[in-house]
Amino acid sequence: MTNRIAVDVGGTFTDVIVLNEKTQKLRLEKIEIPPDNPVTGVLKGLENASTTFSRGEVFCAW
């Protein structure tokens with residue numbers, strides 16, 4: 001299964017979007033995060049979207 005994952009880390013919330021390329025199912029998770037630990041929002045968003053990743057390409061835009 002191939003998932004495309006997009007993450008937007010903001011000041012209060014982290015948005016995690018996961019697209020399953022096989023089923024075309026899209027999941028959106030919005031997680032409130034503590035400002036001192038933004039990675040918490042990314043990990044919790046992936047967990048809530050029921051996805052993990054072991055390898056892949058990284059594309060960053062800001």
# chains A, B, ... in the order shown; residues from 1 in each chain; ligands from 1
call {"tool": "residues_around", "arguments": {"residues": "region 37-49 of chain A", "least_positions_apart": "2", "cutoff": "12 Å", "atoms": "only C-alpha atoms", "output": "PyMOL selection string"}}
result
chain A and resi 3-20+25-35+51-53
